[in-house]
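So this block is final.cif, mmCIF, C-alpha atoms and all ligand atoms:
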```cif
data_data
loop_
_atom_site.label_atom_id
_atom_site.label_comp_id
_atom_site.auth_asym_id
_atom_site.auth_seq_id
_atom_site.Cartn_x
_atom_site.Cartn_y
_atom_site.Cartn_z
CA MET P 1418 17.97 7.49 4.84
CA SER P 1419 20.47 9.53 2.90
CA THR P 1420 21.67 12.04 5.47
CA SER P 1421 22.57 10.20 8.61
CA ARG P 1422 23.01 12.42 11.64
CA GLN P 1423 24.61 10.92 14.69
CA ALA P 1424 22.88 10.60 18.01
CA ILE P 1425 23.32 9.16 21.43
CA LEU P 1426 20.21 7.72 22.92
CA ILE P 1427 19.44 8.11 26.60
CA VAL P 1428 16.77 5.67 27.72
CA PRO P 1429 15.13 5.43 31.12
CA ARG P 1430 16.10 2.29 32.98
CA ARG P 1431 12.47 1.28 33.59
CA GLU P 1432 10.96 -1.01 30.99
CA VAL P 1433 11.39 0.84 27.76
CA ASP P 1434 11.45 -0.94 24.43
CA TRP P 1435 15.05 -0.21 23.38
CA GLU P 1436 14.47 -1.72 19.99
CA GLU P 1437 11.59 0.67 19.38
CA ALA P 1438 13.60 3.61 20.70
CA GLU P 1439 16.47 2.87 18.35
CA GLY P 1440 14.05 2.15 15.51
CA LEU P 1441 12.43 5.55 15.95
CA ALA P 1442 15.79 7.30 16.01
CA ARG P 1443 16.77 5.50 12.82
CA THR P 1444 13.46 6.38 11.19
CA ALA P 1445 14.10 10.04 11.98
CA GLY P 1446 17.42 9.73 10.13
CA TYR P 1447 19.84 9.32 13.04
CA SER P 1448 22.47 6.67 13.40
CA VAL P 1449 22.69 5.79 17.05
CA ILE P 1450 26.31 5.56 18.19
CA ASP P 1451 25.63 4.93 21.87
CA ILE P 1452 22.74 3.92 24.11
CA ILE P 1453 22.95 5.03 27.71
CA PRO P 1454 20.42 3.72 30.22
CA VAL P 1455 19.84 6.11 33.14
CA ARG P 1456 17.57 6.51 36.11
CA ARG P 1457 15.84 9.90 36.24
CA HIS P 1458 18.02 12.17 38.28
CA ASN P 1459 17.57 15.67 39.69
CA PRO P 1460 17.91 18.35 38.51
CA PHE P 1461 18.86 17.49 34.91
CA TYR P 1462 17.46 14.01 34.36
CA VAL P 1463 20.98 12.70 33.81
CA GLY P 1464 23.39 12.80 36.76
CA ARG P 1465 26.19 15.35 36.70
CA GLY P 1466 28.91 12.69 36.50
CA LYS P 1467 27.27 11.10 33.48
CA LEU P 1468 26.80 14.49 31.80
CA GLU P 1469 30.46 15.22 32.24
CA GLU P 1470 31.36 11.84 30.81
CA ILE P 1471 29.15 12.54 27.77
CA LYS P 1472 30.75 15.93 27.30
CA ASN P 1473 34.26 14.49 27.54
CA THR P 1474 33.52 11.65 25.15
CA TYR P 1475 31.32 13.41 22.63
CA GLY P 1476 31.72 17.13 23.25
CA ASP P 1477 33.91 17.59 20.16
CA SER P 1478 31.78 15.49 17.84
CA GLY P 1479 30.21 18.51 16.21
CA ASP P 1480 26.85 17.63 14.76
CA LEU P 1481 25.62 15.25 17.42
CA THR P 1482 22.22 15.07 19.07
CA ILE P 1483 21.32 13.72 22.46
CA ILE P 1484 17.94 12.01 22.28
CA VAL P 1485 16.34 11.46 25.67
CA PHE P 1486 13.68 8.82 25.13
CA ASP P 1487 11.28 10.25 27.70
CA ASP P 1488 9.37 13.44 28.48
CA LEU P 1489 11.83 16.11 29.51
CA ARG P 1490 10.97 19.04 31.71
CA PRO P 1491 12.18 22.35 30.26
CA ARG P 1492 14.71 22.68 33.05
CA GLU P 1493 16.12 19.25 32.27
CA ALA P 1494 16.45 19.81 28.53
CA TYR P 1495 18.08 23.16 29.15
CA GLY P 1496 20.42 21.72 31.74
CA ILE P 1497 21.61 18.82 29.59
CA ALA P 1498 22.25 21.08 26.61
CA ARG P 1499 24.14 23.58 28.74
CA LYS P 1500 26.26 20.98 30.49
CA THR P 1501 27.22 19.09 27.33
CA ASP P 1502 27.13 21.79 24.62
CA LEU P 1503 25.14 19.36 22.50
CA ARG P 1504 21.74 19.56 20.89
CA VAL P 1505 19.07 17.88 23.01
CA ILE P 1506 15.65 16.57 22.00
CA ASP P 1507 13.16 14.43 23.85
CA ARG P 1508 10.89 11.61 22.72
CA THR P 1509 8.10 13.91 21.55
CA GLN P 1510 10.48 16.03 19.48
CA LEU P 1511 11.90 12.87 17.93
CA ILE P 1512 8.41 11.72 16.96
CA LEU P 1513 7.61 15.14 15.51
CA GLU P 1514 10.76 14.98 13.39
CA ILE P 1515 9.50 11.68 11.98
CA PHE P 1516 6.09 13.17 11.28
CA ALA P 1517 7.75 16.04 9.44
CA LEU P 1518 9.52 13.58 7.11
CA HIS P 1519 6.17 12.10 6.11
CA ALA P 1520 3.98 15.16 5.96
CA GLY P 1521 2.79 15.90 2.46
CA SER P 1522 -0.15 18.23 2.72
CA ARG P 1523 -0.12 21.79 3.92
CA GLU P 1524 -2.49 20.77 6.68
CA ALA P 1525 -0.24 17.99 7.96
CA LYS P 1526 2.75 20.34 7.90
CA LEU P 1527 0.86 22.99 9.84
CA GLN P 1528 -0.41 20.47 12.37
CA ILE P 1529 3.13 19.31 12.98
CA GLU P 1530 4.46 22.82 13.32
CA LEU P 1531 1.68 23.67 15.74
CA ALA P 1532 2.43 20.58 17.81
CA ARG P 1533 6.12 21.46 17.79
CA LEU P 1534 5.47 25.02 18.95
CA LYS P 1535 3.13 23.81 21.68
CA HIS P 1536 5.72 21.36 22.84
CA GLU P 1537 8.66 23.75 22.70
CA LEU P 1538 7.01 26.86 24.09
CA PRO P 1539 7.64 25.95 27.74
CA LEU P 1540 11.24 25.20 26.79
CA ILE P 1541 11.60 28.55 25.13
CA ARG P 1542 10.07 30.21 28.15
CA GLU P 1543 12.65 28.51 30.31
CA VAL P 1544 15.47 29.70 28.12
CA VAL P 1545 14.07 33.21 27.84
CA ASN P 1546 13.69 33.35 31.60
CA LYS P 1547 17.34 32.61 31.93
CA ARG P 1548 18.07 35.11 29.17
CA LYS P 1549 20.62 32.81 27.73
CA LEU P 1550 19.24 32.09 24.33
CA GLY P 1551 22.05 32.18 21.85
CA GLU P 1552 24.55 30.64 24.21
CA LEU P 1553 23.34 27.20 23.32
CA PRO P 1554 24.45 26.24 19.83
CA GLY P 1555 21.76 24.50 17.87
CA PHE P 1556 19.43 24.48 20.83
CA LEU P 1557 15.86 25.26 19.77
CA GLY P 1558 16.95 26.27 16.32
CA PRO P 1559 17.94 29.83 15.49
CA GLY P 1560 18.93 31.66 18.63
CA ARG P 1561 18.80 35.17 17.26
CA TYR P 1562 16.13 36.62 19.50
CA ALA P 1563 17.51 36.75 22.96
CA THR P 1564 14.50 38.38 24.56
CA GLU P 1565 10.82 37.94 25.19
CA SER P 1566 10.15 39.08 21.63
CA TYR P 1567 11.14 35.63 20.49
CA TYR P 1568 8.53 34.14 22.75
CA LEU P 1569 5.95 36.61 21.44
CA MET P 1570 6.86 35.85 17.88
CA ILE P 1571 6.20 32.18 18.51
CA ARG P 1572 2.82 32.95 20.06
CA ARG P 1573 1.87 34.97 17.00
CA ARG P 1574 3.01 32.20 14.68
CA GLU P 1575 0.87 29.79 16.65
CA ALA P 1576 -2.20 32.01 16.23
CA ARG P 1577 -1.55 32.32 12.50
CA ILE P 1578 -1.28 28.57 12.08
CA ARG P 1579 -4.55 28.04 13.91
CA ARG P 1580 -6.29 30.51 11.58
CA GLU P 1581 -4.89 28.84 8.49
CA LEU P 1582 -5.92 25.41 9.73
CA GLU P 1583 -9.48 26.70 10.19
CA GLU P 1584 -9.48 27.90 6.59
CA ILE P 1585 -8.14 24.59 5.31
CA ARG P 1586 -10.80 22.66 7.19
CA LYS P 1587 -13.51 24.76 5.59
CA ARG P 1588 -12.17 23.99 2.14
CA ARG P 1589 -11.53 20.34 2.85
CA ALA P 1590 -14.71 18.92 1.33
CA LEU P 1591 -13.83 20.58 -1.96
CA ARG P 1592 -10.28 19.26 -1.98
CA ARG P 1593 -11.40 15.71 -1.36
CA ALA P 1594 -13.69 15.74 -4.35
CA SER P 1595 -10.93 16.92 -6.66
CA ARG P 1596 -8.56 14.22 -5.53
CA ALA P 1597 -10.50 11.36 -7.05
CA ARG P 1598 -8.25 9.35 -9.42
CA ARG P 1599 -4.60 10.12 -9.36
CA LEU P 1600 -2.07 8.89 -11.89
CA GLY P 1601 -4.41 6.02 -12.75
CA LEU P 1602 -2.50 3.55 -10.58
CA PRO P 1603 -3.83 1.81 -7.48
CA HIS P 1604 -2.35 3.34 -4.32
CA ILE P 1605 -1.25 0.96 -1.60
CA ALA P 1606 -0.46 2.32 1.88
CA ILE P 1607 1.99 0.32 3.99
CA THR P 1608 1.12 0.76 7.66
CA GLY P 1609 2.14 -0.80 10.96
CA TYR P 1610 4.20 -0.20 14.07
CA THR P 1611 7.76 1.07 14.08
CA ASN P 1612 10.26 -1.67 13.30
CA ALA P 1613 7.66 -3.99 11.74
CA GLY P 1614 9.58 -3.72 8.46
CA LYS P 1615 7.45 -1.23 6.50
CA THR P 1616 10.37 0.58 4.95
CA THR P 1617 12.15 -2.67 4.11
CA LEU P 1618 9.04 -3.89 2.30
CA PHE P 1619 8.56 -0.50 0.64
CA ASN P 1620 12.16 -0.59 -0.63
CA VAL P 1621 11.73 -4.11 -2.01
CA LEU P 1622 8.54 -3.11 -3.79
CA THR P 1623 9.85 0.13 -5.23
CA HIS P 1624 13.38 -1.03 -6.01
CA GLU P 1625 14.90 1.12 -8.75
CA SER P 1626 11.62 2.79 -9.45
CA LYS P 1627 11.05 6.50 -9.67
CA PRO P 1628 9.56 8.51 -6.87
CA VAL P 1629 6.36 10.22 -7.86
CA GLY P 1630 7.70 13.72 -8.44
CA PRO P 1631 7.50 16.57 -5.96
CA ASN P 1632 4.58 18.11 -7.77
CA TYR P 1633 2.58 14.95 -7.67
CA PHE P 1634 -0.40 15.53 -5.42
CA THR P 1635 0.80 17.77 -2.73
CA THR P 1636 -1.58 15.87 -0.50
CA LEU P 1637 0.44 12.69 -0.74
CA SER P 1638 3.33 11.81 1.50
CA PRO P 1639 6.82 12.50 0.11
CA LYS P 1640 7.42 8.80 0.73
CA SER P 1641 5.30 7.69 -2.24
CA LYS P 1642 6.93 5.76 -5.06
CA ARG P 1643 5.92 3.74 -8.05
CA GLY P 1644 6.63 0.05 -7.85
CA ILE P 1645 5.95 -3.21 -9.60
CA LEU P 1646 4.48 -6.19 -7.81
CA GLY P 1647 3.49 -9.42 -9.51
CA GLY P 1648 4.02 -7.71 -12.87
CA ARG P 1649 1.60 -4.88 -12.11
CA GLU P 1650 2.31 -1.24 -11.35
CA TYR P 1651 1.20 0.53 -8.20
CA VAL P 1652 2.01 3.59 -6.13
CA PHE P 1653 3.26 2.48 -2.72
CA ILE P 1654 3.21 4.76 0.29
CA ASP P 1655 5.57 4.23 3.23
CA THR P 1656 3.52 5.71 6.06
CA VAL P 1657 4.72 7.28 9.26
CA GLY P 1658 3.96 4.16 11.25
CA PHE P 1659 2.21 3.71 14.52
CA ILE P 1660 3.99 4.57 17.70
CA GLU P 1661 3.12 3.49 21.23
CA ASP P 1662 2.01 6.16 23.70
CA ILE P 1663 1.78 9.17 21.42
CA PRO P 1664 1.61 12.19 23.73
CA PRO P 1665 -1.97 13.59 23.64
CA HIS P 1666 -0.87 17.09 22.59
CA ILE P 1667 0.57 15.80 19.32
CA ILE P 1668 -2.14 13.29 18.44
CA GLU P 1669 -3.78 15.58 15.87
CA ALA P 1670 -0.47 15.98 14.07
CA PHE P 1671 -0.18 12.18 14.09
CA TYR P 1672 -3.55 11.71 12.43
CA ALA P 1673 -2.87 14.47 9.91
CA THR P 1674 0.37 12.71 8.96
CA LEU P 1675 -1.52 9.48 8.38
CA GLU P 1676 -4.10 11.06 6.11
CA GLU P 1677 -2.68 9.54 2.92
CA ILE P 1678 -3.95 6.19 4.14
CA ILE P 1679 -7.52 7.42 3.72
CA TYR P 1680 -6.93 8.00 0.01
CA ALA P 1681 -5.24 4.66 -0.67
CA ASP P 1682 -7.06 1.94 -2.60
CA ALA P 1683 -5.78 -0.82 -0.33
CA VAL P 1684 -3.93 -0.97 2.97
CA ILE P 1685 -1.17 -3.30 4.08
CA LEU P 1686 -0.88 -3.65 7.86
CA VAL P 1687 2.53 -5.12 8.67
CA TYR P 1688 3.41 -6.63 12.02
CA ASP P 1689 6.59 -8.14 13.38
CA SER P 1690 6.07 -11.89 13.81
CA THR P 1691 9.21 -12.25 15.94
CA ARG P 1692 7.68 -10.38 18.86
CA SER P 1693 5.88 -12.14 21.70
CA MET P 1694 2.24 -13.17 21.17
CA GLU P 1695 1.29 -10.56 23.74
CA ILE P 1696 2.90 -7.75 21.74
CA VAL P 1697 1.57 -9.06 18.42
CA LYS P 1698 -1.92 -9.13 19.86
CA ARG P 1699 -1.68 -5.66 21.39
CA ARG P 1700 -0.26 -4.09 18.24
CA LEU P 1701 -2.78 -5.73 15.94
CA PHE P 1702 -5.63 -4.49 18.11
CA SER P 1703 -4.32 -0.96 18.41
CA GLY P 1704 -3.22 -0.84 14.76
CA LEU P 1705 -6.71 -1.75 13.61
CA ARG P 1706 -8.21 0.78 16.01
CA ILE P 1707 -6.01 3.54 14.61
CA LEU P 1708 -7.09 2.61 11.08
CA ALA P 1709 -10.73 2.83 12.20
CA GLU P 1710 -10.02 6.13 13.95
CA ILE P 1711 -8.66 7.80 10.82
CA GLY P 1712 -11.58 6.53 8.77
CA VAL P 1713 -10.20 3.45 7.02
CA SER P 1714 -12.94 0.90 6.72
CA GLY P 1715 -14.32 -1.01 3.80
CA LYS P 1716 -10.97 -0.87 1.97
CA PRO P 1717 -9.14 -4.10 1.10
CA LEU P 1718 -6.83 -4.82 4.01
CA LEU P 1719 -3.84 -7.15 3.91
CA VAL P 1720 -2.61 -8.10 7.35
CA VAL P 1721 0.98 -9.18 6.82
CA ALA P 1722 3.20 -11.01 9.29
CA ASN P 1723 6.78 -10.02 8.47
CA LYS P 1724 10.17 -11.51 9.41
CA ILE P 1725 9.04 -15.12 9.09
CA ASP P 1726 12.71 -15.95 8.37
CA ALA P 1727 13.48 -15.11 11.99
CA THR P 1728 10.37 -15.99 13.91
CA ASN P 1729 10.35 -18.89 16.31
CA GLY P 1730 6.63 -18.55 16.83
CA ASN P 1731 4.20 -21.00 15.36
CA ILE P 1732 2.75 -19.76 12.06
CA ASP P 1733 -0.53 -21.60 12.58
CA ILE P 1734 -1.03 -20.03 15.98
CA LEU P 1735 -0.19 -16.61 14.54
CA ARG P 1736 -2.63 -17.19 11.72
CA SER P 1737 -5.53 -18.03 13.97
CA LEU P 1738 -4.71 -15.25 16.43
CA ALA P 1739 -4.50 -12.62 13.68
CA GLY P 1740 -7.61 -14.00 11.97
CA GLU P 1741 -9.61 -13.76 15.17
CA ILE P 1742 -8.55 -10.19 15.88
CA VAL P 1743 -9.05 -8.92 12.34
CA SER P 1744 -12.47 -10.49 11.91
CA GLU P 1745 -13.52 -8.92 15.18
CA GLU P 1746 -12.07 -5.47 14.54
CA TYR P 1747 -12.15 -4.77 10.82
CA GLU P 1748 -15.12 -3.89 8.69
CA GLY P 1749 -14.22 -4.67 5.13
CA PRO P 1750 -12.51 -7.33 3.02
CA TRP P 1751 -9.26 -8.65 4.47
CA ARG P 1752 -6.68 -11.39 4.02
CA LEU P 1753 -3.71 -12.63 6.00
CA HIS P 1754 -0.29 -13.17 4.55
CA PHE P 1755 3.22 -14.15 5.73
CA ILE P 1756 6.45 -12.71 4.33
CA SER P 1757 10.05 -11.92 4.93
CA ALA P 1758 10.65 -8.53 3.36
CA LEU P 1759 14.36 -8.84 4.04
CA ARG P 1760 14.74 -12.26 2.39
CA ARG P 1761 12.02 -11.55 -0.17
CA ILE P 1762 9.95 -14.54 0.80
CA GLY P 1763 6.27 -14.42 -0.08
CA VAL P 1764 6.41 -10.97 -1.66
CA ASP P 1765 5.12 -11.94 -5.11
CA GLU P 1766 2.21 -13.84 -3.60
CA LEU P 1767 1.41 -10.66 -1.71
CA GLY P 1768 0.93 -9.02 -5.10
CA ASP P 1769 -1.57 -11.66 -6.17
CA LYS P 1770 -3.58 -11.17 -3.00
CA ILE P 1771 -3.67 -7.40 -3.41
CA TRP P 1772 -4.74 -7.73 -7.03
CA GLU P 1773 -7.57 -10.13 -6.17
CA MET P 1774 -8.89 -7.82 -3.51
CA LEU P 1775 -8.84 -4.50 -5.35
CA PRO P 1776 -12.27 -3.30 -6.38
CA ARG P 1777 -12.96 -3.67 -10.11
CA SER P 1778 -13.18 0.07 -10.68
CA THR P 1779 -9.59 0.52 -9.47
CA VAL P 1780 -8.31 -2.41 -11.48
CA LYS P 1781 -10.05 -1.38 -14.71
CA SER P 1782 -8.61 2.11 -14.71
CA THR P 1783 -5.07 0.71 -14.74
CA CYS P 1784 -5.42 -1.82 -17.56
N1 LIG P 1801 14.88 -10.89 10.06
C1 LIG P 1801 14.21 -9.97 9.40
N2 LIG P 1801 14.39 -8.65 9.70
C2 LIG P 1801 13.69 -7.73 9.01
C3 LIG P 1801 12.76 -8.10 7.99
N3 LIG P 1801 12.21 -6.96 7.51
C4 LIG P 1801 12.77 -5.93 8.19
N4 LIG P 1801 13.67 -6.38 9.09
C5 LIG P 1801 14.50 -5.57 10.01
O1 LIG P 1801 13.65 -4.92 10.95
C6 LIG P 1801 14.17 -3.64 11.29
C7 LIG P 1801 13.10 -2.59 11.04
O2 LIG P 1801 12.84 -2.51 9.66
P1 LIG P 1801 12.22 -1.19 8.98
O3 LIG P 1801 11.90 -1.54 7.58
O4 LIG P 1801 13.09 -0.02 9.22
O5 LIG P 1801 10.89 -1.04 9.86
P2 LIG P 1801 9.79 0.16 9.87
O6 LIG P 1801 10.07 0.96 11.11
O7 LIG P 1801 8.47 -0.54 9.98
O8 LIG P 1801 9.93 0.93 8.61
C8 LIG P 1801 15.40 -3.45 10.43
O9 LIG P 1801 16.52 -3.76 11.21
C9 LIG P 1801 15.22 -4.45 9.30
O10 LIG P 1801 16.45 -4.91 8.75
C10 LIG P 1801 12.59 -9.50 7.69
O11 LIG P 1801 11.83 -9.92 6.84
N5 LIG P 1801 13.33 -10.36 8.44
MG MG P 1802 10.19 2.97 8.33
#
```

Could you write out this structure as structure tokens?
Amino acid sequence: MSTSRQAILIVPRREVDWEEAEGLARTAGYSVIDIIPVRRHNPFYVGRGKLEEIKNTYGDSGDLTIIVFDDLRPREAYGIARKTDLRVIDRTQLILEIFALHAGSREAKLQIELARLKHELPLIREVVNKRKLGELPGFLGPGRYATESYYLMIRRREARIRRELEEIRKRRALRRASRARRLGLPHIAITGYTNAGKTTLFNVLTHESKPVGPNYFTTLSPKSKRGILGGREYVFIDTVGFIEDIPPHIIEAFYATLEEIIYADAVILVYDSTRSMEIVKRRLFSGLRILAEIGVSGKPLLVVANKIDATNGNIDILRSLAGEIVSEEYEGPWRLHFISALRRIGVDELGDKIWEMLPRSTVKSTC
């Protein structure tokens, strides 16, 4: 990530996956300089003493964001921002920022904006009610409209987006047909949960290669790049990644952001082999369900265990567990593979497996 913004991460003390929280913050382009575990506290989520401490330690840091890895009530978000003079976002806003980085198509962008407006409207209402918009630097973006007109403007924007989305849906069938073969290279989507190592693998595969320019298929994610694997050229797509417990009101934006997977010729599903068997199992199941949900079936699927340099699990057990789950859940050709993206172990063999599995029509057009 080129522009690294700084953030402090506030995580609820109850069982939250810190690694995932930090991974998400990193994916959104933040470098986390502090993690503060708290117990939810009235009225501002974080206790007054702690807020003061944050303000004293970080108040002068300028461009710093407080990420609360939980659902914040409007009053809480407002309170924290006011008490610390820092920008505050919650878990949902963090996820939406990640979606925005991956959104290629107009539809995905609109879905994300709609989700953002829906999520922030109660916050704006809270601020408008207090008639203090503008006193909070960076809070909720531009604070020019200090009255209800701001709120109304947002409502109108929301209505406009809904109309445009309707239009896009009507035209969708047409767009799909025209998208048939792009650039003549097989497209490989890299999917999986946050922290599985998707971006690490993507970077290895696309090392020193050119991004496919901004004009290249506006429907594709900005995270698409050409890369060479096993001596053959592909377009790789680093997808937004699956996230546990996506709030229901942003689920449509999530699916819209994943749409590039539908147009890929093959899909890599990466999982982190260093996690417990329980987590591996759960994430494989839900990952495969999400793929089915967005309409990926019948495509070549490579289920890839990553981080084998660091795993203390038994590869044979992993292999049979993954094999069982995939054969039960996936309709289409699949293979299992084991790599370390970081140490570049098994990556070339991955290329051979992809090549073997690609349908002839895809392969022919690239020779
Ligand atoms: N030990 C080890 N760590 C890895 C490997 N691949 C990725 N990681 C680490 O896992 C973390 C998440 O990687 P990232 O590529 O950002 O995951 P993403 O969220 O799926 O894109 C980072 O700290 C990586 O350095 C690997 O093969 N072995
Ligand atoms: Mg990533």

Shortest contact to ligand LIG 1801 (chain P), candidates P:Arg1736, P:Lys1615, P:Arg1643, P:Lys1467, atoms counted only C-alpha atoms and all ligand atoms, goes to P:Lys1615

Using only C-alpha atoms, can you tell me which of P:Ile1734, P:Leu1582, P:Ala1438, P:Leu1675 comes closest to P:Ile1711? P:Leu1675

With 6 Å added on each side, what axis-aligned box encloses every listed atom of stretch 1704-1718 of chain P? Give the centre and edge lengths in Å to one decimal, as JSON.
```
{"center_x": -8.8, "center_y": 1.5, "center_z": 8.6, "size_x": 23.1, "size_y": 24.6, "size_z": 26.9}
```

Atom-to-atom span, atom CA of P:Asn1723 and atom CA of P:Leu1441, Å: 18.2 Å

Give me, please, the distance in Å between atom CA of P:Leu1489 and atom CA of P:Ala1424, quoted to one decimal.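 Value for the atom CA of P:Leu1489-atom CA of P:Ala1424 distance: 16.9 Å.
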
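Of the residues listed (P:Pro1454, P:Ile1607, P:Ala1520, P:Glu1773), P:Ile1607 shows the shortest atom-to-atom separation from P:Leu1708; distances use only C-alpha atoms.
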
Give the residue list for ligand LIG 1801 (chain P) at 8 Å, counting all atoms listed in the file, as a PyMOL selection string, sorted by chain and then by residue number. chain P and resi 1440-1441+1443-1444+1608-1619+1655+1658+1687+1723-1728+1756-1762

Kindly give the distance, in Å, that separates atom CA of P:Leu1767 and atom CA of P:Asp1689, rounded to a single decimal.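 So the two atoms, atom CA of P:Leu1767 and atom CA of P:Asp1689, lie 16.2 Å apart.
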
I'd like the contact shell of P:Ala1683 - 7 Å cut-off, only C-alpha atoms, skipping same-chain residues fewer than 2 positions apart - returned as a ChimeraX atom specification. /P:1604-1606,1681,1685,1716-1718,1775

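Candidate residues P:Arg1649, P:His1754, P:Arg1700, P:Lys1640 were compared for distance to ligand MG 1802 (chain P), and the nearest is P:Lys1640, using all atoms listed in the file.
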
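The closest residue to P:Gly1730, picked from P:Glu1581, P:Ser1690, P:Pro1460, P:Val1433 and counting all atoms listed in the file, is P:Ser1690.
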
When you count all atoms listed in the file, which of these residues is closest to ligand MG 1802 (chain P): P:Ile1471, P:Ala1442, P:Ala1498, P:Leu1701? P:Ala1442
